[in-house]
$ cat work.txt   # compact mmCIF, C-alpha atoms
# COMPACT_ATOMS: atom_id res chain seq x y z
CA MET V 1 0.00 0.00 0.00
CA PRO V 2 2.72 2.57 0.78
CA LEU V 3 4.27 1.45 -2.50
CA THR V 4 1.09 2.29 -4.34
CA LEU V 5 0.89 5.71 -2.73
CA SER V 6 4.52 6.50 -3.47
CA VAL V 7 4.05 6.34 -7.24
CA ALA V 8 0.93 8.54 -7.22
CA PRO V 9 2.71 11.94 -7.30
CA PHE V 10 4.97 10.83 -10.16
CA GLY V 11 2.08 9.48 -12.18
CA LEU V 12 0.06 12.66 -11.70
CA ALA V 13 3.02 14.81 -12.72
CA TYR V 14 3.86 12.67 -15.73
CA GLY V 15 0.25 12.64 -16.90
CA ALA V 16 -0.11 16.40 -16.52
CA ILE V 17 3.05 16.97 -18.58
CA ALA V 18 2.62 14.31 -21.23
CA GLY V 19 -0.99 15.37 -21.80
CA GLN V 20 0.27 18.76 -22.99
CA HIS V 21 2.61 17.41 -25.63
CA MET V 22 0.88 14.36 -27.03
CA ALA V 23 -2.59 12.88 -27.38
CA PHE V 24 -4.16 11.48 -24.23
CA TRP V 25 -4.06 7.93 -25.60
CA GLN V 26 -0.39 8.29 -26.54
CA ALA V 27 0.53 9.42 -23.03
CA GLN V 28 -1.38 6.42 -21.69
CA LEU V 29 0.14 4.07 -24.27
CA MET V 30 3.55 5.09 -22.97
CA SER V 31 2.49 4.33 -19.37
CA LEU V 32 1.19 0.92 -20.41
CA THR V 33 4.05 -0.19 -22.65
CA VAL V 34 7.16 1.66 -21.46
CA PHE V 35 6.15 1.69 -17.78
CA ALA V 36 9.33 3.33 -16.49
CA GLY V 37 8.88 6.67 -14.74
CA THR V 38 12.19 8.43 -15.37
CA ALA V 39 12.33 7.44 -19.04
CA GLN V 40 8.72 8.57 -19.51
CA PHE V 41 9.52 11.97 -17.99
CA ILE V 42 12.60 12.38 -20.15
CA ALA V 43 10.78 11.31 -23.30
CA ALA V 44 7.97 13.79 -22.58
CA SER V 45 10.56 16.46 -21.82
CA MET V 46 12.46 15.90 -25.06
CA ILE V 47 9.25 15.80 -27.07
CA ALA V 48 8.30 19.13 -25.46
CA GLN V 49 11.68 20.56 -26.49
CA GLY V 50 11.05 19.47 -30.07
CA ALA V 51 13.83 16.91 -30.18
CA ALA V 52 14.30 14.55 -33.09
CA TYR V 53 12.94 11.07 -32.42
CA LEU V 54 16.16 9.09 -32.71
CA PRO V 55 17.92 10.88 -29.83
CA ILE V 56 14.74 10.55 -27.74
CA LEU V 57 14.65 6.82 -28.36
CA LEU V 58 18.34 6.31 -27.61
CA THR V 59 18.30 8.52 -24.51
CA GLY V 60 15.28 6.64 -23.15
CA ILE V 61 17.00 3.31 -23.70
CA LEU V 62 20.18 4.65 -22.12
CA ILE V 63 18.24 5.55 -18.96
CA ASN V 64 16.56 2.17 -18.88
CA MET V 65 19.75 0.19 -19.33
CA ARG V 66 19.96 -0.13 -15.57
CA LEU V 67 16.97 -2.50 -15.84
CA VAL V 68 19.43 -5.08 -17.20
CA LEU V 69 21.20 -5.09 -13.83
CA MET V 70 17.98 -5.41 -11.89
CA SER V 71 16.65 -8.12 -14.19
CA ALA V 72 19.87 -10.11 -13.83
CA ALA V 73 19.82 -9.73 -10.04
CA LEU V 74 16.17 -10.77 -9.88
CA THR V 75 16.55 -13.88 -12.04
CA PRO V 76 17.64 -16.35 -9.31
CA HIS V 77 14.69 -15.26 -7.13
CA VAL V 78 11.98 -15.98 -9.69
CA LYS V 79 13.31 -19.33 -10.90
CA GLY V 80 10.35 -21.04 -9.24
CA ALA V 81 7.83 -19.32 -11.49
CA PRO V 82 6.38 -21.05 -14.58
CA ARG V 83 8.21 -19.97 -17.74
CA ARG V 84 5.03 -18.67 -19.32
CA LEU V 85 4.97 -15.97 -16.61
CA TYR V 86 8.42 -14.65 -17.59
CA PRO V 87 7.02 -12.09 -20.06
CA LEU V 88 4.86 -10.70 -17.25
CA ILE V 89 7.69 -10.82 -14.71
CA ALA V 90 9.88 -8.86 -17.11
CA HIS V 91 7.31 -6.17 -17.79
CA LEU V 92 6.58 -5.56 -14.10
CA LEU V 93 10.22 -4.80 -13.32
CA THR V 94 10.69 -1.28 -11.95
CA ASP V 95 13.01 0.36 -9.42
CA GLU V 96 10.25 0.08 -6.83
CA SER V 97 9.13 -3.52 -7.37
CA PHE V 98 12.79 -4.56 -7.50
CA ALA V 99 13.71 -2.77 -4.27
CA VAL V 100 10.69 -4.07 -2.34
CA SER V 101 11.13 -7.65 -3.53
CA MET V 102 14.86 -7.83 -2.93
CA ALA V 103 14.38 -6.46 0.59
CA GLU V 104 11.69 -9.06 1.24
CA PHE V 105 13.76 -11.94 -0.19
CA SER V 106 16.64 -11.06 2.09
CA ARG V 107 14.38 -11.96 5.02
CA ARG V 108 12.54 -15.01 3.70
CA PRO V 109 12.76 -17.52 0.82
CA ALA V 110 12.23 -16.06 -2.62
CA ASP V 111 8.63 -16.04 -3.80
CA PRO V 112 7.88 -15.08 -7.41
CA TRP V 113 4.28 -14.32 -6.48
CA PHE V 114 5.36 -11.69 -3.98
CA TYR V 115 7.35 -10.02 -6.73
CA ILE V 116 4.46 -10.21 -9.21
CA GLY V 117 2.14 -8.77 -6.56
CA SER V 118 4.48 -5.88 -5.88
CA GLY V 119 4.78 -5.25 -9.61
CA LEU V 120 1.00 -5.18 -10.05
CA ALA V 121 0.67 -2.94 -6.99
CA ILE V 122 2.62 -0.38 -9.01
CA PHE V 123 1.45 -1.11 -12.55
CA VAL V 124 -2.28 -0.72 -11.93
CA PRO V 125 -2.12 2.54 -9.91
CA TRP V 126 0.44 3.92 -12.36
CA GLN V 127 -2.12 3.59 -15.16
CA LEU V 128 -4.84 5.22 -13.10
CA VAL V 129 -2.82 8.16 -11.82
CA THR V 130 -1.20 8.99 -15.16
CA ALA V 131 -4.70 9.09 -16.70
CA ALA V 132 -5.89 11.30 -13.83
CA GLY V 133 -2.83 13.56 -14.27
CA ALA V 134 -3.54 13.96 -17.98
CA ALA V 135 -7.17 14.84 -17.24
CA LEU V 136 -6.15 17.38 -14.59
CA GLY V 137 -3.45 18.90 -16.80
CA ALA V 138 -5.91 19.32 -19.66
CA GLY V 139 -8.34 21.07 -17.30
CA LEU V 140 -5.90 23.76 -16.17
CA PRO V 141 -6.21 27.06 -18.05
CA THR V 142 -3.13 28.77 -19.51
CA GLY V 143 -1.50 31.37 -17.30
CA TRP V 144 -1.33 28.99 -14.36
CA GLY V 145 2.30 28.28 -14.96
CA LEU V 146 1.69 24.95 -16.64
CA GLU V 147 4.83 25.57 -18.71
CA TYR V 148 6.70 24.95 -15.50
CA ALA V 149 5.19 21.53 -14.73
CA LEU V 150 8.03 19.83 -16.56
CA PRO V 151 11.08 21.71 -15.20
CA GLY V 152 9.50 21.58 -11.73
CA SER V 153 9.15 17.79 -11.87
CA LEU V 154 12.65 17.33 -13.22
CA ILE V 155 14.02 19.33 -10.29
CA CYS V 156 12.36 17.00 -7.79
CA LEU V 157 13.35 13.82 -9.67
CA LEU V 158 16.93 15.05 -9.66
CA PHE V 159 16.81 15.52 -5.90
CA LEU V 160 15.52 11.98 -5.45
CA LEU V 161 18.08 10.40 -7.78
CA VAL V 162 21.23 12.20 -6.71
CA ARG V 163 22.09 10.61 -3.40
CA ASP V 164 25.79 11.31 -2.91
CA ARG V 165 28.45 13.88 -3.67
CA ARG V 166 29.86 12.07 -6.65
CA ALA V 167 26.44 11.71 -8.28
CA MET V 168 25.91 15.43 -7.66
CA TRP V 169 29.14 16.37 -9.44
CA VAL V 170 28.37 14.02 -12.32
CA SER V 171 24.95 15.65 -12.70
CA LEU V 172 26.35 19.18 -12.58
CA LEU V 173 28.97 18.22 -15.12
CA ALA V 174 26.35 16.66 -17.40
CA ALA V 175 24.24 19.83 -17.15
CA ALA V 176 27.20 22.10 -17.99
CA LEU V 177 28.42 19.86 -20.81
CA SER V 178 24.96 19.64 -22.37
CA LEU V 179 24.95 23.43 -22.66
CA LEU V 180 28.56 23.70 -23.84
CA LEU V 181 28.14 20.96 -26.43
CA ARG V 182 25.07 22.50 -28.03
CA PRO V 183 26.99 24.40 -30.71
CA LEU V 184 29.08 21.33 -31.54
CA VAL V 185 26.51 18.52 -31.42
CA SER V 186 23.27 19.19 -33.20
CA GLY V 187 20.22 19.81 -31.01
CA THR V 188 19.25 17.26 -28.40
CA TRP V 189 22.14 14.91 -29.05
CA SER V 190 23.97 17.14 -26.59
CA THR V 191 22.01 15.61 -23.67
CA MET V 192 23.20 12.16 -24.60
CA ALA V 193 26.79 13.19 -25.34
CA ALA V 194 26.98 15.07 -22.02
CA THR V 195 25.60 12.04 -20.15
CA LEU V 196 28.10 9.63 -21.71
CA ILE V 197 31.04 11.88 -20.87
CA ALA V 198 29.91 12.82 -17.35
CA ALA V 199 29.04 9.25 -16.30
CA SER V 200 32.36 7.98 -17.66
CA LEU V 201 34.30 10.62 -15.75
CA GLY V 202 32.24 9.76 -12.66
CA VAL V 203 33.34 6.12 -12.89
CA THR V 204 36.96 7.21 -13.25
CA TRP V 205 36.66 9.48 -10.26
CA LYS V 206 35.58 6.60 -8.03
CA ARG V 207 38.60 4.58 -9.10
CA TRP V 208 40.99 7.43 -8.32
CA PRO V 209 43.20 6.00 -5.53
CA SER V 210 43.41 9.21 -3.51
CA ARG V 211 39.60 9.50 -3.23
CA SER V 212 37.59 7.37 -0.84
CA MET C 213 1.92 8.42 -36.21
CA ALA C 214 5.68 8.95 -35.90
CA LEU C 215 5.21 9.72 -32.21
CA THR C 216 3.28 6.48 -31.72
CA LEU C 217 6.11 4.59 -33.38
CA LEU C 218 8.61 6.33 -31.11
CA ILE C 219 6.61 5.26 -28.05
CA LEU C 220 6.38 1.67 -29.29
CA GLY C 221 10.10 1.66 -30.13
CA LEU C 222 10.97 2.85 -26.65
CA ALA C 223 8.60 0.23 -25.23
CA LEU C 224 10.19 -2.57 -27.23
CA GLY C 225 13.73 -1.50 -26.29
CA THR C 226 12.79 -1.24 -22.62
CA TYR C 227 11.03 -4.58 -22.68
CA LEU C 228 14.07 -6.34 -24.13
CA LEU C 229 16.25 -4.77 -21.42
CA ARG C 230 13.89 -6.26 -18.83
CA LEU C 231 13.41 -9.64 -20.47
CA LEU C 232 16.78 -10.66 -21.91
CA PRO C 233 18.74 -10.99 -18.63
CA LEU C 234 15.85 -13.07 -17.28
CA THR C 235 15.84 -15.53 -20.16
CA ALA C 236 18.76 -15.53 -22.55
CA LEU C 237 21.52 -13.78 -20.68
CA SER C 238 20.99 -14.97 -17.12
CA ARG C 239 24.62 -16.09 -16.77
CA VAL C 240 26.16 -12.87 -18.01
CA THR C 241 27.51 -10.53 -15.33
CA LEU C 242 28.65 -7.00 -15.97
CA PRO C 243 31.94 -5.73 -14.56
CA ALA C 244 31.68 -3.43 -11.52
CA TRP C 245 32.63 -0.29 -13.46
CA ALA C 246 29.83 -0.89 -15.96
CA GLN C 247 27.29 -1.30 -13.15
CA ASP C 248 28.60 1.89 -11.55
CA TRP C 249 28.36 3.70 -14.89
CA LEU C 250 24.75 2.61 -15.42
CA GLY C 251 23.88 3.85 -11.95
CA LEU C 252 25.15 7.33 -12.78
CA VAL C 253 23.31 7.62 -16.09
CA PRO C 254 19.74 8.53 -15.00
CA GLY C 255 20.86 11.44 -12.79
CA ALA C 256 23.11 12.76 -15.54
CA VAL C 257 20.35 12.60 -18.16
CA LEU C 258 17.91 14.35 -15.82
CA ALA C 259 20.40 17.11 -15.02
CA ALA C 260 21.28 17.66 -18.68
CA SER C 261 17.60 17.70 -19.62
CA LEU C 262 16.82 20.15 -16.83
CA ALA C 263 19.66 22.44 -17.91
CA GLN C 264 18.19 22.51 -21.41
CA ALA C 265 14.69 23.18 -20.09
CA LEU C 266 15.80 26.05 -17.85
CA LEU C 267 18.58 27.71 -19.78
CA VAL C 268 17.79 27.27 -23.45
CA GLN C 269 14.98 29.44 -24.76
CA GLY C 270 14.27 29.34 -28.47
CA GLU C 271 17.56 27.63 -29.36
CA ARG C 272 19.60 30.22 -27.46
CA LEU C 273 21.29 30.26 -24.06
CA ALA C 274 19.32 32.39 -21.60
CA LEU C 275 21.60 33.04 -18.63
CA SER C 276 19.99 36.34 -17.61
CA TRP C 277 18.68 36.55 -14.04
CA ARG C 278 15.39 37.70 -15.55
CA ASN C 279 14.91 34.34 -17.23
CA PRO C 280 11.62 33.28 -15.57
CA TYR C 281 12.51 29.59 -15.82
CA LEU C 282 15.65 30.20 -13.80
CA LEU C 283 13.91 32.36 -11.17
CA ALA C 284 11.13 29.83 -10.63
CA ALA C 285 13.76 27.13 -10.14
CA ILE C 286 14.78 28.69 -6.81
CA PRO C 287 11.52 27.98 -4.92
CA ALA C 288 11.19 24.68 -6.76
CA PHE C 289 14.63 23.55 -5.53
CA LEU C 290 13.74 24.59 -1.97
CA VAL C 291 10.45 22.68 -2.03
CA ALA C 292 12.11 19.63 -3.60
CA TRP C 293 14.76 19.69 -0.89
CA ARG C 294 12.25 20.02 1.96
CA THR C 295 9.42 17.77 0.75
CA ARG C 296 10.96 15.36 -1.79
CA ASN C 297 7.49 15.32 -3.34
CA VAL C 298 7.19 15.78 -7.06
CA VAL C 299 3.67 17.23 -7.05
CA TRP C 300 4.49 19.90 -4.45
CA THR C 301 7.68 20.78 -6.29
CA MET C 302 5.83 21.01 -9.58
CA LEU C 303 3.11 23.22 -8.07
CA ALA C 304 5.67 25.48 -6.35
CA GLY C 305 7.52 25.91 -9.64
CA MET C 306 4.31 26.58 -11.54
CA ALA C 307 3.14 29.17 -8.99
CA ALA C 308 6.53 30.89 -9.00
CA TYR C 309 6.63 30.87 -12.79
CA ALA C 310 3.14 32.38 -13.05
CA LEU C 311 4.08 34.99 -10.44
CA VAL C 312 7.30 35.94 -12.22
CA GLY C 313 5.26 36.31 -15.39
CA HIS C 314 3.17 38.97 -13.62
CA VAL C 315 6.14 40.81 -12.10
CA PHE C 316 8.23 40.90 -15.29
CA PRO C 317 5.67 40.74 -18.08
$ encode --input "work.txt" --output "structure tokens"
Amino acid sequence: MPLTLSVAPFGLAYGAIAGQHMAFWQAQLMSLTVFAGTAQFIAASMIAQGAAYLPILLTGILINMRLVLMSAALTPHVKGAPRRLYPLIAHLLTDESFAVSMAEFSRRPADPWFYIGSGLAIFVPWQLVTAAGAALGAGLPTGWGLEYALPGSLICLLFLLVRDRRAMWVSLLAAALSLLLRPLVSGTWSTMAATLIAASLGVTWKRWPSRS
Amino acid sequence: MALTLLILGLALGTYLLRLLPLTALSRVTLPAWAQDWLGLVPGAVLAASLAQALLVQGERLALSWRNPYLLAAIPAFLVAWRTRNVVWTMLAGMAAYALVGHVFP
């Protein structure tokens, strides 16, 4: 239940933003099929900025590449499930369902049904709140600062994602590079180029012997 | 139509990222640096995207203190820091942005 409540603000915010830049059913199609909060926000953000579709696609996949790690870590814990459920198990994988399930399986034997339950406890409300967000967003008149719904949400997501000093520096570097690279790399490719460089430097920084 | 295809493309890519380790690649492990790198990516993308949203207006850098996007970011950062709630942060930013629009029309 707390899990369900925790996704509500994100779903509302995503729905309100996506509803401004694409058809209602497209915003909902993204919730149903992509079902990954951060990537959905970034895709909506890049669509709003008029980005070309190829960089949007590649940036979204770049963000979601961490799902490979979670999927690999989850695999031994769902071995007991029938194979025909694997497509469902895969689709329900999110940061939240992964975190809750792994915490639970550290205390008791792995149970694929617990994981599927936690996934559904996010999937179903996610669909409802993104639809509600789109309806609310469409109802707000102009002049209420709706242009700021997107930057405002990104600011909060950034706060939630950046948990240590190194991640903070990597993010600042990515922000600065994305602006500096604009004249060199056409349009929205700069976001991706900046991310690749900043994350790579961040990895190097950790390996620096004189740092912690 | 193109947008629908983009959404479905992103969905397919994301689905394969979720499914392949579970089925085909369950014995593959990534080196520690690659895992570390993947962990840093979402924050970096968000920050770069936010920088574009705040500081690029009509294809040009807008570093002036009268840039309403930048001014509204101040209360939004404060609310994000205090509440960690995306709806409150969004509403604070929207209110500040609307207000700035009235002060500096």
$ residues_around --input "work.txt" --residues "C:Leu266" --least-positions-apart "2" --cutoff "12 Å" --atoms "all atoms listed in the file" --output "ChimeraX atom specification"
/V:45,49,147-152,154-155,175,179 /C:259-264,268-286,305,309
$ closest_residue --input "work.txt" --among "V:His21, V:Arg66, V:Arg107, V:Lys79" --to "chain C" --atoms "only C-alpha atoms"
V:Arg66
$ interface_residues --input "work.txt" --of "chain V" --to "chain C" --cutoff "7 Å" --atoms "all atoms listed in the file" --output "ChimeraX atom specification"
/V:9-10,13,26,30,33-34,53,57,60-61,63-68,71-72,75,87,90-91,93,143-146,148-149,151-162,167,170-172,174-175,178-179,191,195,199-200,203
$ write_last_selection --input "work.txt" --atoms "C-alpha atoms" --output "mmCIF file, in the coordinates of the input"
data_model
loop_
_atom_site.group_PDB
_atom_site.id
_atom_site.type_symbol
_atom_site.label_atom_id
_atom_site.label_comp_id
_atom_site.auth_asym_id
_atom_site.auth_seq_id
_atom_site.Cartn_x
_atom_site.Cartn_y
_atom_site.Cartn_z
ATOM 1 C CA PRO V 9 2.710 11.940 -7.300
ATOM 2 C CA PHE V 10 4.970 10.830 -10.160
ATOM 3 C CA ALA V 13 3.020 14.810 -12.720
ATOM 4 C CA GLN V 26 -0.390 8.290 -26.540
ATOM 5 C CA MET V 30 3.550 5.090 -22.970
ATOM 6 C CA THR V 33 4.050 -0.190 -22.650
ATOM 7 C CA VAL V 34 7.160 1.660 -21.460
ATOM 8 C CA TYR V 53 12.940 11.070 -32.420
ATOM 9 C CA LEU V 57 14.650 6.820 -28.360
ATOM 10 C CA GLY V 60 15.280 6.640 -23.150
ATOM 11 C CA ILE V 61 17.000 3.310 -23.700
ATOM 12 C CA ILE V 63 18.240 5.550 -18.960
ATOM 13 C CA ASN V 64 16.560 2.170 -18.880
ATOM 14 C CA MET V 65 19.750 0.190 -19.330
ATOM 15 C CA ARG V 66 19.960 -0.130 -15.570
ATOM 16 C CA LEU V 67 16.970 -2.500 -15.840
ATOM 17 C CA VAL V 68 19.430 -5.080 -17.200
ATOM 18 C CA SER V 71 16.650 -8.120 -14.190
ATOM 19 C CA ALA V 72 19.870 -10.110 -13.830
ATOM 20 C CA THR V 75 16.550 -13.880 -12.040
ATOM 21 C CA PRO V 87 7.020 -12.090 -20.060
ATOM 22 C CA ALA V 90 9.880 -8.860 -17.110
ATOM 23 C CA HIS V 91 7.310 -6.170 -17.790
ATOM 24 C CA LEU V 93 10.220 -4.800 -13.320
ATOM 25 C CA GLY V 143 -1.500 31.370 -17.300
ATOM 26 C CA TRP V 144 -1.330 28.990 -14.360
ATOM 27 C CA GLY V 145 2.300 28.280 -14.960
ATOM 28 C CA LEU V 146 1.690 24.950 -16.640
ATOM 29 C CA TYR V 148 6.700 24.950 -15.500
ATOM 30 C CA ALA V 149 5.190 21.530 -14.730
ATOM 31 C CA PRO V 151 11.080 21.710 -15.200
ATOM 32 C CA GLY V 152 9.500 21.580 -11.730
ATOM 33 C CA SER V 153 9.150 17.790 -11.870
ATOM 34 C CA LEU V 154 12.650 17.330 -13.220
ATOM 35 C CA ILE V 155 14.020 19.330 -10.290
ATOM 36 C CA CYS V 156 12.360 17.000 -7.790
ATOM 37 C CA LEU V 157 13.350 13.820 -9.670
ATOM 38 C CA LEU V 158 16.930 15.050 -9.660
ATOM 39 C CA PHE V 159 16.810 15.520 -5.900
ATOM 40 C CA LEU V 160 15.520 11.980 -5.450
ATOM 41 C CA LEU V 161 18.080 10.400 -7.780
ATOM 42 C CA VAL V 162 21.230 12.200 -6.710
ATOM 43 C CA ALA V 167 26.440 11.710 -8.280
ATOM 44 C CA VAL V 170 28.370 14.020 -12.320
ATOM 45 C CA SER V 171 24.950 15.650 -12.700
ATOM 46 C CA LEU V 172 26.350 19.180 -12.580
ATOM 47 C CA ALA V 174 26.350 16.660 -17.400
ATOM 48 C CA ALA V 175 24.240 19.830 -17.150
ATOM 49 C CA SER V 178 24.960 19.640 -22.370
ATOM 50 C CA LEU V 179 24.950 23.430 -22.660
ATOM 51 C CA THR V 191 22.010 15.610 -23.670
ATOM 52 C CA THR V 195 25.600 12.040 -20.150
ATOM 53 C CA ALA V 199 29.040 9.250 -16.300
ATOM 54 C CA SER V 200 32.360 7.980 -17.660
ATOM 55 C CA VAL V 203 33.340 6.120 -12.890
#
$ residues_near_point --input "work.txt" --point "(0.3, 16.5, -19.5)" --cutoff "9 Å" --atoms "all atoms listed in the file" --output "short mmCIF file (atom, residue, chain, number, x, y, z; two decimals) with C-alpha atoms, keeping the file's coordinate frame"
data_model
loop_
_atom_site.label_atom_id
_atom_site.label_comp_id
_atom_site.auth_asym_id
_atom_site.auth_seq_id
_atom_site.Cartn_x
_atom_site.Cartn_y
_atom_site.Cartn_z
CA LEU V 12 0.06 12.66 -11.70
CA ALA V 13 3.02 14.81 -12.72
CA TYR V 14 3.86 12.67 -15.73
CA GLY V 15 0.25 12.64 -16.90
CA ALA V 16 -0.11 16.40 -16.52
CA ILE V 17 3.05 16.97 -18.58
CA ALA V 18 2.62 14.31 -21.23
CA GLY V 19 -0.99 15.37 -21.80
CA GLN V 20 0.27 18.76 -22.99
CA HIS V 21 2.61 17.41 -25.63
CA MET V 22 0.88 14.36 -27.03
CA PHE V 24 -4.16 11.48 -24.23
CA ALA V 27 0.53 9.42 -23.03
CA ALA V 44 7.97 13.79 -22.58
CA THR V 130 -1.20 8.99 -15.16
CA GLY V 133 -2.83 13.56 -14.27
CA ALA V 134 -3.54 13.96 -17.98
CA ALA V 135 -7.17 14.84 -17.24
CA LEU V 136 -6.15 17.38 -14.59
CA GLY V 137 -3.45 18.90 -16.80
CA ALA V 138 -5.91 19.32 -19.66
CA ALA V 149 5.19 21.53 -14.73
CA LEU V 150 8.03 19.83 -16.56
#
$ atom_distance --input "work.txt" --atom1 "atom CA of V:Ser118" --atom2 "atom CA of V:Ser97"
5.4 Å
$ atom_distance --input "work.txt" --atom1 "atom CA of V:Arg84" --atom2 "atom CA of V:Ala110"
18.4 Å
$ atom_distance --input "work.txt" --atom1 "atom CA of V:Val185" --atom2 "atom CA of V:Leu54"
14.1 Å
$ closest_residue --input "work.txt" --among "V:Val78, V:Val129, V:Leu69, V:Ala193" --to "V:Asp111" --atoms "all atoms listed in the file"
V:Val78
$ decode --input "work.txt" --residues "stretch 24-77 of chain V" --atoms "C-alpha atoms" --output "short mmCIF file (atom, residue, chain, number, x, y, z; two decimals), in the first residue's frame"
data_model
loop_
_atom_site.label_atom_id
_atom_site.label_comp_id
_atom_site.auth_asym_id
_atom_site.auth_seq_id
_atom_site.Cartn_x
_atom_site.Cartn_y
_atom_site.Cartn_z
CA PHE V 24 -4.16 11.48 -24.23
CA TRP V 25 -4.06 7.93 -25.60
CA GLN V 26 -0.39 8.29 -26.54
CA ALA V 27 0.53 9.42 -23.03
CA GLN V 28 -1.38 6.42 -21.69
CA LEU V 29 0.14 4.07 -24.27
CA MET V 30 3.55 5.09 -22.97
CA SER V 31 2.49 4.33 -19.37
CA LEU V 32 1.19 0.92 -20.41
CA THR V 33 4.05 -0.19 -22.65
CA VAL V 34 7.16 1.66 -21.46
CA PHE V 35 6.15 1.69 -17.78
CA ALA V 36 9.33 3.33 -16.49
CA GLY V 37 8.88 6.67 -14.74
CA THR V 38 12.19 8.43 -15.37
CA ALA V 39 12.33 7.44 -19.04
CA GLN V 40 8.72 8.57 -19.51
CA PHE V 41 9.52 11.97 -17.99
CA ILE V 42 12.60 12.38 -20.15
CA ALA V 43 10.78 11.31 -23.30
CA ALA V 44 7.97 13.79 -22.58
CA SER V 45 10.56 16.46 -21.82
CA MET V 46 12.46 15.90 -25.06
CA ILE V 47 9.25 15.80 -27.07
CA ALA V 48 8.30 19.13 -25.46
CA GLN V 49 11.68 20.56 -26.49
CA GLY V 50 11.05 19.47 -30.07
CA ALA V 51 13.83 16.91 -30.18
CA ALA V 52 14.30 14.55 -33.09
CA TYR V 53 12.94 11.07 -32.42
CA LEU V 54 16.16 9.09 -32.71
CA PRO V 55 17.92 10.88 -29.83
CA ILE V 56 14.74 10.55 -27.74
CA LEU V 57 14.65 6.82 -28.36
CA LEU V 58 18.34 6.31 -27.61
CA THR V 59 18.30 8.52 -24.51
CA GLY V 60 15.28 6.64 -23.15
CA ILE V 61 17.00 3.31 -23.70
CA LEU V 62 20.18 4.65 -22.12
CA ILE V 63 18.24 5.55 -18.96
CA ASN V 64 16.56 2.17 -18.88
CA MET V 65 19.75 0.19 -19.33
CA ARG V 66 19.96 -0.13 -15.57
CA LEU V 67 16.97 -2.50 -15.84
CA VAL V 68 19.43 -5.08 -17.20
CA LEU V 69 21.20 -5.09 -13.83
CA MET V 70 17.98 -5.41 -11.89
CA SER V 71 16.65 -8.12 -14.19
CA ALA V 72 19.87 -10.11 -13.83
CA ALA V 73 19.82 -9.73 -10.04
CA LEU V 74 16.17 -10.77 -9.88
CA THR V 75 16.55 -13.88 -12.04
CA PRO V 76 17.64 -16.35 -9.31
CA HIS V 77 14.69 -15.26 -7.13
#
